[in-house]
Amino acid sequence: MALKVEVFTSLPPCSGGRLVLKLVEDVKNEYGDKMDVEVFKGPTEKAKEYGLTVSPAIIIDKDIRIIGVCPTRATFVDALREAGMQT
């Protein structure tokens, strides 16, 4: 079963948001159908549901894992593993 990854950025995306989008795209290309990625840009109802006031943010399996910064690739992949993705 694919792990749900939700990505939140400002609109237009700030430099951190652009880096997060690129990072998530690169990791998605590597792990394919192990990840189900949804991107939200700008203020959204979904961001309000999570109580997000800062971007970028990465939610993995409905858990706020990364907020306010673009993580390293290793940190992001570790967060995916911690959430149960087999790498």
# chains A, B, ... in the order shown; residues from 1 in each chain; ligands from 1
>>> residues_around(residues="Thr9 of chain A", least_positions_apart="4", cutoff="9 Å", atoms="only C-alpha atoms", output="PDB file with N, CA and C atoms, in the first residue's frame")
ATOM      1  N   PRO A  13       5.600  29.521  -4.733  1.00  0.00           N
ATOM      2  CA  PRO A  13       6.468  28.860  -3.750  1.00  0.00           C
ATOM      3  C   PRO A  13       7.717  29.686  -3.440  1.00  0.00           C
ATOM      4  N   CYS A  14       8.072  29.751  -2.175  1.00  0.00           N
ATOM      5  CA  CYS A  14       9.323  30.387  -1.766  1.00  0.00           C
ATOM      6  C   CYS A  14      10.475  29.463  -2.163  1.00  0.00           C
ATOM      7  N   GLY A  16      12.398  27.660  -0.308  1.00  0.00           N
ATOM      8  CA  GLY A  16      12.273  26.387   0.410  1.00  0.00           C
ATOM      9  C   GLY A  16      11.191  25.511  -0.193  1.00  0.00           C
ATOM     10  N   GLY A  17      10.104  26.118  -0.595  1.00  0.00           N
ATOM     11  CA  GLY A  17       9.014  25.373  -1.216  1.00  0.00           C
ATOM     12  C   GLY A  17       9.423  24.765  -2.547  1.00  0.00           C
ATOM     13  N   ARG A  18      10.155  25.524  -3.343  1.00  0.00           N
ATOM     14  CA  ARG A  18      10.640  24.992  -4.618  1.00  0.00           C
ATOM     15  C   ARG A  18      11.575  23.806  -4.390  1.00  0.00           C
ATOM     16  N   VAL A  20      11.581  21.790  -1.767  1.00  0.00           N
ATOM     17  CA  VAL A  20      10.773  20.662  -1.282  1.00  0.00           C
ATOM     18  C   VAL A  20      10.074  19.973  -2.447  1.00  0.00           C
ATOM     19  N   LEU A  21       9.488  20.748  -3.366  1.00  0.00           N
ATOM     20  CA  LEU A  21       8.805  20.154  -4.515  1.00  0.00           C
ATOM     21  C   LEU A  21       9.763  19.315  -5.354  1.00  0.00           C
ATOM     22  N   VAL A  39       0.058  17.578  -3.764  1.00  0.00           N
ATOM     23  CA  VAL A  39       0.667  18.888  -3.519  1.00  0.00           C
ATOM     24  C   VAL A  39      -0.429  19.933  -3.358  1.00  0.00           C
ATOM     25  N   PHE A  40      -0.285  20.770  -2.328  1.00  0.00           N
ATOM     26  CA  PHE A  40      -1.203  21.874  -2.071  1.00  0.00           C
ATOM     27  C   PHE A  40      -0.403  23.170  -2.108  1.00  0.00           C
ATOM     28  N   LYS A  41      -0.853  24.129  -2.912  1.00  0.00           N
ATOM     29  CA  LYS A  41      -0.141  25.407  -3.031  1.00  0.00           C
ATOM     30  C   LYS A  41      -1.026  26.539  -2.533  1.00  0.00           C
ATOM     31  N   GLY A  42      -0.432  27.404  -1.704  1.00  0.00           N
ATOM     32  CA  GLY A  42      -1.172  28.529  -1.148  1.00  0.00           C
ATOM     33  C   GLY A  42      -2.044  28.114   0.014  1.00  0.00           C
ATOM     34  N   PRO A  43      -2.811  29.067   0.554  1.00  0.00           N
ATOM     35  CA  PRO A  43      -3.706  28.742   1.670  1.00  0.00           C
ATOM     36  C   PRO A  43      -4.817  27.802   1.197  1.00  0.00           C
ATOM     37  N   VAL A  54       2.859  27.685   8.629  1.00  0.00           N
ATOM     38  CA  VAL A  54       4.189  27.857   8.059  1.00  0.00           C
ATOM     39  C   VAL A  54       4.347  26.891   6.891  1.00  0.00           C
ATOM     40  N   SER A  55       5.045  27.353   5.863  1.00  0.00           N
ATOM     41  CA  SER A  55       5.366  26.454   4.761  1.00  0.00           C
ATOM     42  C   SER A  55       6.843  26.611   4.425  1.00  0.00           C
ATOM     43  N   PRO A  56       7.431  25.632   3.782  1.00  0.00           N
ATOM     44  CA  PRO A  56       6.827  24.394   3.310  1.00  0.00           C
ATOM     45  C   PRO A  56       6.577  23.413   4.455  1.00  0.00           C
ATOM     46  N   ALA A  57       5.727  22.451   4.170  1.00  0.00           N
ATOM     47  CA  ALA A  57       5.447  21.395   5.144  1.00  0.00           C
ATOM     48  C   ALA A  57       5.229  20.083   4.414  1.00  0.00           C
TER      49      ALA A  57
END
>>> select_by_dssp(residues="chain A", states="alpha helix (DSSP H)", output="ChimeraX atom specification")
/A:15-31,45-50,73-82
>>> residues_around(residues="Ile64 of chain A", least_positions_apart="6", cutoff="12 Å", atoms="only C-alpha atoms", output="PyMOL selection string")
chain A and resi 4-8+47+49-52+54-58+79-80+83
>>> select_by_dssp(residues="chain A", states="strand (DSSP E)", output="compact mmCIF listing (two decimals) with N, CA and C atoms, in the first residue's frame")
# COMPACT_ATOMS: atom_id res chain seq x y z
N LEU A 3 2.25 4.96 0.66
CA LEU A 3 2.26 5.88 1.78
C LEU A 3 1.80 7.25 1.30
N LYS A 4 0.83 7.85 1.97
CA LYS A 4 0.28 9.15 1.58
C LYS A 4 1.24 10.25 2.03
N VAL A 5 1.69 11.07 1.07
CA VAL A 5 2.57 12.20 1.34
C VAL A 5 1.87 13.45 0.83
N GLU A 6 1.63 14.40 1.74
CA GLU A 6 1.01 15.67 1.36
C GLU A 6 2.05 16.78 1.53
N VAL A 7 2.20 17.58 0.49
CA VAL A 7 3.20 18.64 0.47
C VAL A 7 2.47 19.98 0.40
N PHE A 8 2.86 20.90 1.28
CA PHE A 8 2.25 22.23 1.32
C PHE A 8 3.32 23.28 1.06
N THR A 9 3.03 24.19 0.10
CA THR A 9 3.94 25.30 -0.18
C THR A 9 3.13 26.58 -0.29
N MET A 35 4.79 5.62 -2.89
CA MET A 35 4.36 6.92 -2.37
C MET A 35 3.18 7.43 -3.20
N ASP A 36 2.20 7.98 -2.52
CA ASP A 36 1.09 8.67 -3.16
C ASP A 36 1.21 10.14 -2.76
N VAL A 37 1.65 10.99 -3.69
CA VAL A 37 1.97 12.38 -3.37
C VAL A 37 0.84 13.30 -3.83
N GLU A 38 0.46 14.22 -2.95
CA GLU A 38 -0.51 15.27 -3.28
C GLU A 38 0.11 16.60 -2.87
N VAL A 39 0.06 17.58 -3.76
CA VAL A 39 0.67 18.89 -3.52
C VAL A 39 -0.43 19.93 -3.36
N PHE A 40 -0.28 20.77 -2.33
CA PHE A 40 -1.20 21.87 -2.07
C PHE A 40 -0.40 23.17 -2.11
N LYS A 41 -0.85 24.13 -2.91
CA LYS A 41 -0.14 25.41 -3.03
C LYS A 41 -1.03 26.54 -2.53
N ALA A 57 5.73 22.45 4.17
CA ALA A 57 5.45 21.39 5.14
C ALA A 57 5.23 20.08 4.41
N ILE A 58 5.65 19.00 5.05
CA ILE A 58 5.45 17.66 4.50
C ILE A 58 4.72 16.83 5.55
N ILE A 59 3.57 16.32 5.15
CA ILE A 59 2.75 15.47 6.01
C ILE A 59 2.88 14.05 5.47
N ILE A 60 3.22 13.12 6.32
CA ILE A 60 3.34 11.73 5.90
C ILE A 60 2.36 10.90 6.71
N ASP A 63 0.57 12.69 9.48
CA ASP A 63 1.41 13.14 10.59
C ASP A 63 2.35 14.24 10.08
N ILE A 64 2.35 15.38 10.73
CA ILE A 64 3.23 16.48 10.33
C ILE A 64 4.66 16.06 10.65
N ARG A 65 5.46 15.84 9.62
CA ARG A 65 6.82 15.34 9.80
C ARG A 65 7.87 16.42 9.62
N ILE A 66 7.65 17.34 8.67
CA ILE A 66 8.65 18.36 8.36
C ILE A 66 7.91 19.66 8.12
N ILE A 67 8.39 20.73 8.76
CA ILE A 67 7.70 22.01 8.62
C ILE A 67 8.71 23.16 8.66
>>> residues_around(residues="Arg73 of chain A", least_positions_apart="4", cutoff="9 Å", atoms="only C-alpha atoms", output="PDB file with C-alpha atoms, in the first residue's frame")
ATOM      1  CA  LEU A  23      13.046  16.794  -3.492  1.00  0.00           C
ATOM      2  CA  VAL A  24       9.659  15.070  -3.285  1.00  0.00           C
ATOM      3  CA  VAL A  27      12.243  10.680  -4.269  1.00  0.00           C
ATOM      4  CA  VAL A  77      13.753   9.236   3.271  1.00  0.00           C
ATOM      5  CA  ASP A  78      14.257   8.478   6.993  1.00  0.00           C
TER       6      ASP A  78
END
>>> closest_residue(among="A:Leu11, A:Leu19, A:Tyr31, A:Thr53", to="Val69 of chain A", atoms="only C-alpha atoms")
A:Leu19
>>> closest_residue(among="A:Cys70, A:Asn29, A:Met1, A:Pro12", to="Gln86 of chain A", atoms="only C-alpha atoms")
A:Met1
